[in-house]
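Participant: Have a peek at my_file.cif (mmCIF, N, CA and C atoms, pLDDT in the B column; chains and numbers go by the auth columns).
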```cif
data_final
loop_
_atom_site.group_PDB
_atom_site.id
_atom_site.type_symbol
_atom_site.label_atom_id
_atom_site.label_comp_id
_atom_site.label_asym_id
_atom_site.label_seq_id
_atom_site.Cartn_x
_atom_site.Cartn_y
_atom_site.Cartn_z
_atom_site.B_iso_or_equiv
_atom_site.auth_seq_id
_atom_site.auth_asym_id
ATOM 1 N N MET A 1 0.840 -1.181 0.000 82.00 29 A
ATOM 2 C CA MET A 1 0.000 0.000 0.000 82.00 29 A
ATOM 3 C C MET A 1 0.883 1.242 0.000 82.00 29 A
ATOM 4 N N GLU A 2 0.400 2.237 -0.677 87.00 30 A
ATOM 5 C CA GLU A 2 1.118 3.506 -0.769 87.00 30 A
ATOM 6 C C GLU A 2 0.427 4.554 0.091 87.00 30 A
ATOM 7 N N VAL A 3 1.193 5.530 0.569 92.00 31 A
ATOM 8 C CA VAL A 3 0.658 6.642 1.342 92.00 31 A
ATOM 9 C C VAL A 3 0.738 7.894 0.478 92.00 31 A
ATOM 10 N N TYR A 4 -0.407 8.556 0.316 92.00 32 A
ATOM 11 C CA TYR A 4 -0.484 9.764 -0.496 92.00 32 A
ATOM 12 C C TYR A 4 -1.000 10.914 0.359 92.00 32 A
ATOM 13 N N PRO A 5 -0.197 11.967 0.542 94.00 33 A
ATOM 14 C CA PRO A 5 -0.725 13.142 1.234 94.00 33 A
ATOM 15 C C PRO A 5 -1.739 13.819 0.316 94.00 33 A
ATOM 16 N N PHE A 6 -2.839 14.282 0.884 95.00 34 A
ATOM 17 C CA PHE A 6 -3.897 14.882 0.073 95.00 34 A
ATOM 18 C C PHE A 6 -4.477 16.071 0.818 95.00 34 A
ATOM 19 N N HIS A 7 -4.448 17.237 0.189 96.00 35 A
ATOM 20 C CA HIS A 7 -4.968 18.472 0.779 96.00 35 A
ATOM 21 C C HIS A 7 -6.386 18.699 0.253 96.00 35 A
ATOM 22 N N HIS A 8 -7.343 18.845 1.185 96.00 36 A
ATOM 23 C CA HIS A 8 -8.741 19.034 0.807 96.00 36 A
ATOM 24 C C HIS A 8 -9.439 19.863 1.873 96.00 36 A
ATOM 25 N N ARG A 9 -10.140 20.900 1.444 95.00 37 A
ATOM 26 C CA ARG A 9 -10.868 21.795 2.366 95.00 37 A
ATOM 27 C C ARG A 9 -9.974 22.327 3.483 95.00 37 A
ATOM 28 N N ASN A 10 -8.789 22.700 3.095 94.00 38 A
ATOM 29 C CA ASN A 10 -7.825 23.286 4.017 94.00 38 A
ATOM 30 C C ASN A 10 -7.384 22.325 5.126 94.00 38 A
ATOM 31 N N LEU A 11 -7.490 21.020 4.873 94.00 39 A
ATOM 32 C CA LEU A 11 -7.008 19.996 5.800 94.00 39 A
ATOM 33 C C LEU A 11 -6.065 19.073 5.045 94.00 39 A
ATOM 34 N N LEU A 12 -5.106 18.521 5.753 95.00 40 A
ATOM 35 C CA LEU A 12 -4.154 17.589 5.142 95.00 40 A
ATOM 36 C C LEU A 12 -4.449 16.174 5.637 95.00 40 A
ATOM 37 N N PHE A 13 -4.661 15.276 4.699 96.00 41 A
ATOM 38 C CA PHE A 13 -4.975 13.883 4.987 96.00 41 A
ATOM 39 C C PHE A 13 -3.862 13.002 4.442 96.00 41 A
ATOM 40 N N ASN A 14 -3.701 11.828 5.031 96.00 42 A
ATOM 41 C CA ASN A 14 -2.842 10.792 4.473 96.00 42 A
ATOM 42 C C ASN A 14 -3.755 9.691 3.962 96.00 42 A
ATOM 43 N N LEU A 15 -3.740 9.489 2.669 96.00 43 A
ATOM 44 C CA LEU A 15 -4.554 8.462 2.038 96.00 43 A
ATOM 45 C C LEU A 15 -3.675 7.239 1.820 96.00 43 A
ATOM 46 N N VAL A 16 -4.099 6.115 2.356 96.00 44 A
ATOM 47 C CA VAL A 16 -3.345 4.863 2.239 96.00 44 A
ATOM 48 C C VAL A 16 -4.199 3.884 1.443 96.00 44 A
ATOM 49 N N THR A 17 -3.675 3.419 0.307 95.00 45 A
ATOM 50 C CA THR A 17 -4.447 2.495 -0.516 95.00 45 A
ATOM 51 C C THR A 17 -3.562 1.829 -1.556 95.00 45 A
ATOM 52 N N HIS A 18 -4.028 0.710 -2.053 95.00 46 A
ATOM 53 C CA HIS A 18 -3.393 0.040 -3.180 95.00 46 A
ATOM 54 C C HIS A 18 -4.215 0.256 -4.448 95.00 46 A
ATOM 55 N N LEU A 19 -5.349 0.950 -4.303 95.00 47 A
ATOM 56 C CA LEU A 19 -6.271 1.174 -5.406 95.00 47 A
ATOM 57 C C LEU A 19 -5.870 2.406 -6.217 95.00 47 A
ATOM 58 N N ASP A 20 -6.275 2.426 -7.472 93.00 48 A
ATOM 59 C CA ASP A 20 -6.027 3.558 -8.348 93.00 48 A
ATOM 60 C C ASP A 20 -7.297 4.408 -8.374 93.00 48 A
ATOM 61 N N LEU A 21 -7.399 5.348 -7.428 94.00 49 A
ATOM 62 C CA LEU A 21 -8.589 6.187 -7.301 94.00 49 A
ATOM 63 C C LEU A 21 -8.372 7.509 -8.031 94.00 49 A
ATOM 64 N N THR A 22 -9.452 8.054 -8.574 94.00 50 A
ATOM 65 C CA THR A 22 -9.371 9.363 -9.210 94.00 50 A
ATOM 66 C C THR A 22 -9.440 10.447 -8.144 94.00 50 A
ATOM 67 N N PHE A 23 -9.023 11.665 -8.506 95.00 51 A
ATOM 68 C CA PHE A 23 -9.134 12.781 -7.571 95.00 51 A
ATOM 69 C C PHE A 23 -10.593 13.020 -7.201 95.00 51 A
ATOM 70 N N LYS A 24 -11.493 12.861 -8.154 96.00 52 A
ATOM 71 C CA LYS A 24 -12.925 13.044 -7.890 96.00 52 A
ATOM 72 C C LYS A 24 -13.409 12.049 -6.835 96.00 52 A
ATOM 73 N N GLU A 25 -12.993 10.787 -6.954 96.00 53 A
ATOM 74 C CA GLU A 25 -13.385 9.767 -5.975 96.00 53 A
ATOM 75 C C GLU A 25 -12.853 10.114 -4.592 96.00 53 A
ATOM 76 N N ILE A 26 -11.599 10.535 -4.521 96.00 54 A
ATOM 77 C CA ILE A 26 -10.991 10.873 -3.232 96.00 54 A
ATOM 78 C C ILE A 26 -11.736 12.032 -2.589 96.00 54 A
ATOM 79 N N ARG A 27 -12.033 13.059 -3.376 97.00 55 A
ATOM 80 C CA ARG A 27 -12.765 14.206 -2.827 97.00 55 A
ATOM 81 C C ARG A 27 -14.156 13.801 -2.346 97.00 55 A
ATOM 82 N N GLU A 28 -14.831 12.941 -3.095 97.00 56 A
ATOM 83 C CA GLU A 28 -16.170 12.492 -2.682 97.00 56 A
ATOM 84 C C GLU A 28 -16.102 11.691 -1.381 97.00 56 A
ATOM 85 N N ILE A 29 -15.094 10.832 -1.245 97.00 57 A
ATOM 86 C CA ILE A 29 -14.917 10.063 -0.012 97.00 57 A
ATOM 87 C C ILE A 29 -14.645 11.005 1.157 97.00 57 A
ATOM 88 N N LEU A 30 -13.734 11.961 0.960 97.00 58 A
ATOM 89 C CA LEU A 30 -13.408 12.907 2.030 97.00 58 A
ATOM 90 C C LEU A 30 -14.609 13.772 2.398 97.00 58 A
ATOM 91 N N ASP A 31 -15.378 14.220 1.410 97.00 59 A
ATOM 92 C CA ASP A 31 -16.581 15.009 1.697 97.00 59 A
ATOM 93 C C ASP A 31 -17.572 14.192 2.526 97.00 59 A
ATOM 94 N N TYR A 32 -17.749 12.927 2.161 97.00 60 A
ATOM 95 C CA TYR A 32 -18.643 12.046 2.918 97.00 60 A
ATOM 96 C C TYR A 32 -18.168 11.930 4.369 97.00 60 A
ATOM 97 N N LEU A 33 -16.873 11.688 4.555 96.00 61 A
ATOM 98 C CA LEU A 33 -16.322 11.513 5.894 96.00 61 A
ATOM 99 C C LEU A 33 -16.379 12.808 6.712 96.00 61 A
ATOM 100 N N LEU A 34 -16.144 13.944 6.059 96.00 62 A
ATOM 101 C CA LEU A 34 -16.252 15.230 6.749 96.00 62 A
ATOM 102 C C LEU A 34 -17.689 15.476 7.199 96.00 62 A
ATOM 103 N N GLU A 35 -18.631 15.161 6.338 95.00 63 A
ATOM 104 C CA GLU A 35 -20.042 15.335 6.690 95.00 63 A
ATOM 105 C C GLU A 35 -20.445 14.402 7.832 95.00 63 A
ATOM 106 N N ALA A 36 -19.840 13.213 7.870 94.00 64 A
ATOM 107 C CA ALA A 36 -20.131 12.232 8.923 94.00 64 A
ATOM 108 C C ALA A 36 -19.354 12.526 10.207 94.00 64 A
ATOM 109 N N LYS A 37 -18.578 13.612 10.203 92.00 65 A
ATOM 110 C CA LYS A 37 -17.757 14.017 11.357 92.00 65 A
ATOM 111 C C LYS A 37 -16.829 12.880 11.801 92.00 65 A
ATOM 112 N N ALA A 38 -16.143 12.299 10.820 92.00 66 A
ATOM 113 C CA ALA A 38 -15.254 11.169 11.070 92.00 66 A
ATOM 114 C C ALA A 38 -13.879 11.591 11.589 92.00 66 A
ATOM 115 N N PHE A 39 -13.588 12.890 11.548 87.00 67 A
ATOM 116 C CA PHE A 39 -12.258 13.364 11.921 87.00 67 A
ATOM 117 C C PHE A 39 -12.308 14.128 13.234 87.00 67 A
ATOM 118 N N PRO A 40 -11.195 14.084 13.993 80.00 68 A
ATOM 119 C CA PRO A 40 -11.171 14.780 15.292 80.00 68 A
ATOM 120 C C PRO A 40 -11.228 16.286 15.086 80.00 68 A
ATOM 121 N N GLU A 41 -11.907 16.967 16.010 74.00 69 A
ATOM 122 C CA GLU A 41 -11.993 18.424 15.928 74.00 69 A
ATOM 123 C C GLU A 41 -10.776 19.092 16.547 74.00 69 A
ATOM 124 N N GLY A 42 -10.204 18.465 17.552 63.00 70 A
ATOM 125 C CA GLY A 42 -9.024 19.026 18.204 63.00 70 A
ATOM 126 C C GLY A 42 -7.779 18.307 17.730 63.00 70 A
ATOM 127 N N LYS A 43 -6.849 18.141 18.646 55.00 71 A
ATOM 128 C CA LYS A 43 -5.621 17.423 18.309 55.00 71 A
ATOM 129 C C LYS A 43 -5.915 15.954 18.082 55.00 71 A
ATOM 130 N N ASN A 44 -5.141 15.359 17.186 52.00 72 A
ATOM 131 C CA ASN A 44 -5.295 13.938 16.880 52.00 72 A
ATOM 132 C C ASN A 44 -4.820 13.103 18.065 52.00 72 A
ATOM 133 N N ASP A 45 -5.677 12.248 18.573 56.00 73 A
ATOM 134 C CA ASP A 45 -5.332 11.363 19.680 56.00 73 A
ATOM 135 C C ASP A 45 -4.726 10.085 19.110 56.00 73 A
ATOM 136 N N PRO A 46 -3.417 9.865 19.276 53.00 74 A
ATOM 137 C CA PRO A 46 -2.776 8.691 18.669 53.00 74 A
ATOM 138 C C PRO A 46 -3.255 7.367 19.245 53.00 74 A
ATOM 139 N N LEU A 47 -3.911 7.387 20.408 50.00 75 A
ATOM 140 C CA LEU A 47 -4.385 6.144 21.006 50.00 75 A
ATOM 141 C C LEU A 47 -5.807 5.802 20.581 50.00 75 A
ATOM 142 N N GLU A 48 -6.436 6.712 19.858 61.00 76 A
ATOM 143 C CA GLU A 48 -7.807 6.491 19.422 61.00 76 A
ATOM 144 C C GLU A 48 -7.850 5.362 18.396 61.00 76 A
ATOM 145 N N CYS A 49 -8.849 4.498 18.512 67.00 77 A
ATOM 146 C CA CYS A 49 -8.998 3.386 17.572 67.00 77 A
ATOM 147 C C CYS A 49 -9.590 3.887 16.264 67.00 77 A
ATOM 148 N N GLY A 50 -9.283 3.177 15.182 80.00 78 A
ATOM 149 C CA GLY A 50 -9.835 3.512 13.885 80.00 78 A
ATOM 150 C C GLY A 50 -11.309 3.126 13.800 80.00 78 A
ATOM 151 N N HIS A 51 -11.981 3.698 12.825 90.00 79 A
ATOM 152 C CA HIS A 51 -13.397 3.427 12.609 90.00 79 A
ATOM 153 C C HIS A 51 -13.603 3.036 11.155 90.00 79 A
ATOM 154 N N LEU A 52 -14.286 1.921 10.932 93.00 80 A
ATOM 155 C CA LEU A 52 -14.587 1.467 9.573 93.00 80 A
ATOM 156 C C LEU A 52 -15.860 2.121 9.072 93.00 80 A
ATOM 157 N N TYR A 53 -15.846 2.508 7.812 96.00 81 A
ATOM 158 C CA TYR A 53 -17.005 3.108 7.168 96.00 81 A
ATOM 159 C C TYR A 53 -17.283 2.357 5.870 96.00 81 A
ATOM 160 N N ASP A 54 -18.550 2.039 5.656 95.00 82 A
ATOM 161 C CA ASP A 54 -19.029 1.525 4.378 95.00 82 A
ATOM 162 C C ASP A 54 -19.633 2.718 3.664 95.00 82 A
ATOM 163 N N ILE A 55 -19.009 3.136 2.588 95.00 83 A
ATOM 164 C CA ILE A 55 -19.441 4.337 1.879 95.00 83 A
ATOM 165 C C ILE A 55 -19.973 3.928 0.513 95.00 83 A
ATOM 166 N N ARG A 56 -21.206 4.302 0.251 94.00 84 A
ATOM 167 C CA ARG A 56 -21.819 4.031 -1.048 94.00 84 A
ATOM 168 C C ARG A 56 -22.047 5.372 -1.736 94.00 84 A
ATOM 169 N N LEU A 57 -21.329 5.602 -2.828 93.00 85 A
ATOM 170 C CA LEU A 57 -21.452 6.830 -3.607 93.00 85 A
ATOM 171 C C LEU A 57 -21.879 6.454 -5.020 93.00 85 A
ATOM 172 N N GLY A 58 -23.138 6.654 -5.292 90.00 86 A
ATOM 173 C CA GLY A 58 -23.674 6.227 -6.582 90.00 86 A
ATOM 174 C C GLY A 58 -23.663 4.716 -6.658 90.00 86 A
ATOM 175 N N ARG A 59 -23.051 4.175 -7.694 92.00 87 A
ATOM 176 C CA ARG A 59 -22.971 2.726 -7.878 92.00 87 A
ATOM 177 C C ARG A 59 -21.707 2.125 -7.273 92.00 87 A
ATOM 178 N N VAL A 60 -20.874 2.948 -6.653 95.00 88 A
ATOM 179 C CA VAL A 60 -19.586 2.477 -6.134 95.00 88 A
ATOM 180 C C VAL A 60 -19.634 2.379 -4.615 95.00 88 A
ATOM 181 N N HIS A 61 -19.087 1.285 -4.094 95.00 89 A
ATOM 182 C CA HIS A 61 -19.040 1.021 -2.660 95.00 89 A
ATOM 183 C C HIS A 61 -17.572 0.979 -2.230 95.00 89 A
ATOM 184 N N TYR A 62 -17.249 1.690 -1.145 96.00 90 A
ATOM 185 C CA TYR A 62 -15.889 1.722 -0.611 96.00 90 A
ATOM 186 C C TYR A 62 -15.909 1.227 0.833 96.00 90 A
ATOM 187 N N VAL A 63 -14.862 0.534 1.225 97.00 91 A
ATOM 188 C CA VAL A 63 -14.643 0.185 2.629 97.00 91 A
ATOM 189 C C VAL A 63 -13.428 0.984 3.068 97.00 91 A
ATOM 190 N N VAL A 64 -13.644 1.860 4.069 97.00 92 A
ATOM 191 C CA VAL A 64 -12.639 2.844 4.462 97.00 92 A
ATOM 192 C C VAL A 64 -12.443 2.787 5.966 97.00 92 A
ATOM 193 N N ASP A 65 -11.192 2.884 6.393 95.00 93 A
ATOM 194 C CA ASP A 65 -10.848 2.949 7.810 95.00 93 A
ATOM 195 C C ASP A 65 -10.293 4.342 8.087 95.00 93 A
ATOM 196 N N VAL A 66 -10.737 4.968 9.158 95.00 94 A
ATOM 197 C CA VAL A 66 -10.288 6.320 9.499 95.00 94 A
ATOM 198 C C VAL A 66 -9.648 6.299 10.876 95.00 94 A
ATOM 199 N N LEU A 67 -8.428 6.798 10.954 93.00 95 A
ATOM 200 C CA LEU A 67 -7.724 6.960 12.221 93.00 95 A
ATOM 201 C C LEU A 67 -7.100 8.348 12.208 93.00 95 A
ATOM 202 N N GLY A 68 -7.693 9.247 12.948 90.00 96 A
ATOM 203 C CA GLY A 68 -7.239 10.638 12.903 90.00 96 A
ATOM 204 C C GLY A 68 -7.475 11.190 11.509 90.00 96 A
ATOM 205 N N TYR A 69 -6.418 11.673 10.869 93.00 97 A
ATOM 206 C CA TYR A 69 -6.518 12.191 9.501 93.00 97 A
ATOM 207 C C TYR A 69 -5.881 11.226 8.500 93.00 97 A
ATOM 208 N N GLU A 70 -5.774 9.973 8.900 95.00 98 A
ATOM 209 C CA GLU A 70 -5.279 8.931 8.006 95.00 98 A
ATOM 210 C C GLU A 70 -6.472 8.096 7.541 95.00 98 A
ATOM 211 N N ILE A 71 -6.592 7.954 6.240 95.00 99 A
ATOM 212 C CA ILE A 71 -7.705 7.223 5.647 95.00 99 A
ATOM 213 C C ILE A 71 -7.141 6.052 4.863 95.00 99 A
ATOM 214 N N VAL A 72 -7.573 4.852 5.217 96.00 100 A
ATOM 215 C CA VAL A 72 -7.147 3.651 4.505 96.00 100 A
ATOM 216 C C VAL A 72 -8.337 3.155 3.691 96.00 100 A
ATOM 217 N N VAL A 73 -8.168 3.111 2.374 96.00 101 A
ATOM 218 C CA VAL A 73 -9.224 2.606 1.502 96.00 101 A
ATOM 219 C C VAL A 73 -8.871 1.166 1.168 96.00 101 A
ATOM 220 N N TYR A 74 -9.643 0.242 1.729 96.00 102 A
ATOM 221 C CA TYR A 74 -9.373 -1.184 1.559 96.00 102 A
ATOM 222 C C TYR A 74 -10.000 -1.763 0.302 96.00 102 A
ATOM 223 N N GLN A 75 -11.194 -1.296 -0.014 95.00 103 A
ATOM 224 C CA GLN A 75 -11.939 -1.962 -1.080 95.00 103 A
ATOM 225 C C GLN A 75 -12.751 -0.955 -1.872 95.00 103 A
ATOM 226 N N ARG A 76 -12.825 -1.191 -3.168 95.00 104 A
ATOM 227 C CA ARG A 76 -13.684 -0.416 -4.068 95.00 104 A
ATOM 228 C C ARG A 76 -14.399 -1.429 -4.948 95.00 104 A
ATOM 229 N N SER A 77 -15.720 -1.418 -4.921 95.00 105 A
ATOM 230 C CA SER A 77 -16.475 -2.330 -5.780 95.00 105 A
ATOM 231 C C SER A 77 -17.615 -1.563 -6.430 95.00 105 A
ATOM 232 N N GLU A 78 -17.873 -1.901 -7.677 92.00 106 A
ATOM 233 C CA GLU A 78 -18.904 -1.223 -8.426 92.00 106 A
ATOM 234 C C GLU A 78 -20.100 -2.145 -8.599 92.00 106 A
ATOM 235 N N ASN A 79 -21.277 -1.643 -8.264 84.00 107 A
ATOM 236 C CA ASN A 79 -22.506 -2.413 -8.408 84.00 107 A
ATOM 237 C C ASN A 79 -23.052 -2.221 -9.804 84.00 107 A
ATOM 238 N N PRO A 80 -23.512 -3.278 -10.433 73.00 108 A
ATOM 239 C CA PRO A 80 -24.124 -3.126 -11.758 73.00 108 A
ATOM 240 C C PRO A 80 -25.410 -2.335 -11.658 73.00 108 A
ATOM 241 N N GLU A 81 -25.777 -1.696 -12.738 67.00 109 A
ATOM 242 C CA GLU A 81 -27.017 -0.924 -12.758 67.00 109 A
ATOM 243 C C GLU A 81 -28.215 -1.850 -12.590 67.00 109 A
ATOM 244 N N PRO A 82 -29.240 -1.371 -11.848 60.00 110 A
ATOM 245 C CA PRO A 82 -30.422 -2.219 -11.612 60.00 110 A
ATOM 246 C C PRO A 82 -31.238 -2.412 -12.881 60.00 110 A
#
```
As a first step, turn the structure in this file into structure tokens.
Facilitator:
Amino acid sequence: MEVYPFHHRNLLFNLVTHLDLTFKEIREILDYLLEAKAFPEGKNDPLECGHLYDIRLGRVHYVVDVLGYEIVVYQRSENPEP
């Protein structure tokens, strides 16, 4: 897995993944997580446990782990159209 620093909405995230995601996908995932208040408001607590999120954006499903401002994208799967 590779670590990619990513600046979005004036915040710096570390994106960890083996997937080839587009910038649009990354921004949509981060927007979803920001709206879900997945990130700490104060200082990052290094002892805090990560939280898994199942994110469905359109026909695409992501499995994402969040620990502080580090986001690990484990899985990306696309659902066929109904």
Participant: Which of these, A:Ile83, A:Val94, A:Ile99, A:Val88, has the shortest distance to Phe41 (chain A) once you count only C-alpha atoms?
Facilitator: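 When distances to Phe41 (chain A) are compared using only C-alpha atoms, the smallest one comes from A:Ile99.
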Participant: Quote the spacing between CA of Asn42 (chain A) and CA of Gly86 (chain A) in Å to one decimal place.
Facilitator: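 Computed distance, CA of Asn42 (chain A) to CA of Gly86 (chain A), equals 24.0 Å.
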Participant: Have a look at A:Asp48, A:Asp82, A:Glu69, A:Glu56 and name the one nearest to Gly96 (chain A); count only C-alpha atoms.
Facilitator: A:Glu69
Participant: Looking only at helix (DSSP H, G or I) from DSSP on the backbone, list the matching residues of region 32-75 of chain A as a PyMOL selection string.
Facilitator: chain A and resi 51-63
Participant: Quick one: pull the distance between CA of Tyr102 (chain A) and CA of Thr45 (chain A), Å, one decimal.
Facilitator: 6.5 Å
Participant: Given the choices A:Ile57, A:Leu43, A:Leu85, A:Leu62, which gets closest to Glu98 (chain A) if the distance is worked out from only N, CA and C atoms?
Facilitator: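 Closest residue, counting only N, CA and C atoms: A:Leu43.
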Participant: Convert the output of the PyMOL selection byres ((chain A and resi 103) around 6.5) on the shown file into explicit residues, formatted as a VMD selection string.
Facilitator: chain A and resid 89 to 92 100 to 102 104 to 105
Participant: Please indicate the distance in Å from CA of His35 (chain A) to CA of Thr50 (chain A), rounded to one decimal place.
Facilitator: 14.2 Å
Participant: Out of A:Leu40, A:Gly78, A:His46, A:Ala64, which residue has the shortest atom-to-atom distance to Tyr97 (chain A) when counting all atoms listed in the file?
Facilitator: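 So, comparing all the options, the nearest one is A:Leu40.
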Participant: Measuring between all atoms listed in the file, which one of A:His79, A:Leu47, A:Leu58, A:Arg84 shows the shortest distance to Glu30 (chain A)?
Facilitator: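 Using all atoms listed in the file, Glu30 (chain A) sits closest to A:Leu47.
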Participant: So for region 46-65 of chain A, what box centre and size do we get, axis-aligned, 6 Å extra on each of the six sides, every listed atom, Å to one decimal, as AutoDock Vina command-line options?
Facilitator:
```
--center_x -11.9 --center_y 7.8 --center_z 1.3 --size_x 29.1 --size_y 27.4 --size_z 33.0
```
Participant: When you count only N, CA and C atoms, which of these residues is closest to Arg87 (chain A): A:Asp59, A:Arg37, A:Val44, A:Pro108?
Facilitator: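 Closest to Arg87 (chain A), using only N, CA and C atoms: A:Pro108.
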Participant: Can you list every residue in chain A that DSSP puts in strand (DSSP E), as a PyMOL selection string?
Facilitator: chain A and resi 30-36+39-45+79-85+88-95+98-106
Participant: The selected residues should be written to file as a tab-separated table (two decimals), keeping the file's coordinate frame (atoms: N, CA and C atoms).
Facilitator:
```tsv
chain	number	residue	atom	x	y	z
A	30	GLU	N	0.40	2.24	-0.68
A	30	GLU	CA	1.12	3.51	-0.77
A	30	GLU	C	0.43	4.55	0.09
A	31	VAL	N	1.19	5.53	0.57
A	31	VAL	CA	0.66	6.64	1.34
A	31	VAL	C	0.74	7.89	0.48
A	32	TYR	N	-0.41	8.56	0.32
A	32	TYR	CA	-0.48	9.76	-0.50
A	32	TYR	C	-1.00	10.91	0.36
A	33	PRO	N	-0.20	11.97	0.54
A	33	PRO	CA	-0.72	13.14	1.23
A	33	PRO	C	-1.74	13.82	0.32
A	34	PHE	N	-2.84	14.28	0.88
A	34	PHE	CA	-3.90	14.88	0.07
A	34	PHE	C	-4.48	16.07	0.82
A	35	HIS	N	-4.45	17.24	0.19
A	35	HIS	CA	-4.97	18.47	0.78
A	35	HIS	C	-6.39	18.70	0.25
A	36	HIS	N	-7.34	18.84	1.18
A	36	HIS	CA	-8.74	19.03	0.81
A	36	HIS	C	-9.44	19.86	1.87
A	39	LEU	N	-7.49	21.02	4.87
A	39	LEU	CA	-7.01	20.00	5.80
A	39	LEU	C	-6.06	19.07	5.04
A	40	LEU	N	-5.11	18.52	5.75
A	40	LEU	CA	-4.15	17.59	5.14
A	40	LEU	C	-4.45	16.17	5.64
A	41	PHE	N	-4.66	15.28	4.70
A	41	PHE	CA	-4.97	13.88	4.99
A	41	PHE	C	-3.86	13.00	4.44
A	42	ASN	N	-3.70	11.83	5.03
A	42	ASN	CA	-2.84	10.79	4.47
A	42	ASN	C	-3.76	9.69	3.96
A	43	LEU	N	-3.74	9.49	2.67
A	43	LEU	CA	-4.55	8.46	2.04
A	43	LEU	C	-3.68	7.24	1.82
A	44	VAL	N	-4.10	6.12	2.36
A	44	VAL	CA	-3.34	4.86	2.24
A	44	VAL	C	-4.20	3.88	1.44
A	45	THR	N	-3.68	3.42	0.31
A	45	THR	CA	-4.45	2.50	-0.52
A	45	THR	C	-3.56	1.83	-1.56
A	79	HIS	N	-11.98	3.70	12.82
A	79	HIS	CA	-13.40	3.43	12.61
A	79	HIS	C	-13.60	3.04	11.16
A	80	LEU	N	-14.29	1.92	10.93
A	80	LEU	CA	-14.59	1.47	9.57
A	80	LEU	C	-15.86	2.12	9.07
A	81	TYR	N	-15.85	2.51	7.81
A	81	TYR	CA	-17.00	3.11	7.17
A	81	TYR	C	-17.28	2.36	5.87
A	82	ASP	N	-18.55	2.04	5.66
A	82	ASP	CA	-19.03	1.52	4.38
A	82	ASP	C	-19.63	2.72	3.66
A	83	ILE	N	-19.01	3.14	2.59
A	83	ILE	CA	-19.44	4.34	1.88
A	83	ILE	C	-19.97	3.93	0.51
A	84	ARG	N	-21.21	4.30	0.25
A	84	ARG	CA	-21.82	4.03	-1.05
A	84	ARG	C	-22.05	5.37	-1.74
A	85	LEU	N	-21.33	5.60	-2.83
A	85	LEU	CA	-21.45	6.83	-3.61
A	85	LEU	C	-21.88	6.45	-5.02
A	88	VAL	N	-20.87	2.95	-6.65
A	88	VAL	CA	-19.59	2.48	-6.13
A	88	VAL	C	-19.63	2.38	-4.62
A	89	HIS	N	-19.09	1.28	-4.09
A	89	HIS	CA	-19.04	1.02	-2.66
A	89	HIS	C	-17.57	0.98	-2.23
A	90	TYR	N	-17.25	1.69	-1.14
A	90	TYR	CA	-15.89	1.72	-0.61
A	90	TYR	C	-15.91	1.23	0.83
A	91	VAL	N	-14.86	0.53	1.23
A	91	VAL	CA	-14.64	0.18	2.63
A	91	VAL	C	-13.43	0.98	3.07
A	92	VAL	N	-13.64	1.86	4.07
A	92	VAL	CA	-12.64	2.84	4.46
A	92	VAL	C	-12.44	2.79	5.97
A	93	ASP	N	-11.19	2.88	6.39
A	93	ASP	CA	-10.85	2.95	7.81
A	93	ASP	C	-10.29	4.34	8.09
A	94	VAL	N	-10.74	4.97	9.16
A	94	VAL	CA	-10.29	6.32	9.50
A	94	VAL	C	-9.65	6.30	10.88
A	95	LEU	N	-8.43	6.80	10.95
A	95	LEU	CA	-7.72	6.96	12.22
A	95	LEU	C	-7.10	8.35	12.21
A	98	GLU	N	-5.77	9.97	8.90
A	98	GLU	CA	-5.28	8.93	8.01
A	98	GLU	C	-6.47	8.10	7.54
A	99	ILE	N	-6.59	7.95	6.24
A	99	ILE	CA	-7.70	7.22	5.65
A	99	ILE	C	-7.14	6.05	4.86
A	100	VAL	N	-7.57	4.85	5.22
A	100	VAL	CA	-7.15	3.65	4.50
A	100	VAL	C	-8.34	3.16	3.69
A	101	VAL	N	-8.17	3.11	2.37
A	101	VAL	CA	-9.22	2.61	1.50
A	101	VAL	C	-8.87	1.17	1.17
A	102	TYR	N	-9.64	0.24	1.73
A	102	TYR	CA	-9.37	-1.18	1.56
A	102	TYR	C	-10.00	-1.76	0.30
A	103	GLN	N	-11.19	-1.30	-0.01
A	103	GLN	CA	-11.94	-1.96	-1.08
A	103	GLN	C	-12.75	-0.96	-1.87
A	104	ARG	N	-12.82	-1.19	-3.17
A	104	ARG	CA	-13.68	-0.42	-4.07
A	104	ARG	C	-14.40	-1.43	-4.95
A	105	SER	N	-15.72	-1.42	-4.92
A	105	SER	CA	-16.48	-2.33	-5.78
A	105	SER	C	-17.61	-1.56	-6.43
A	106	GLU	N	-17.87	-1.90	-7.68
A	106	GLU	CA	-18.90	-1.22	-8.43
A	106	GLU	C	-20.10	-2.14	-8.60
```
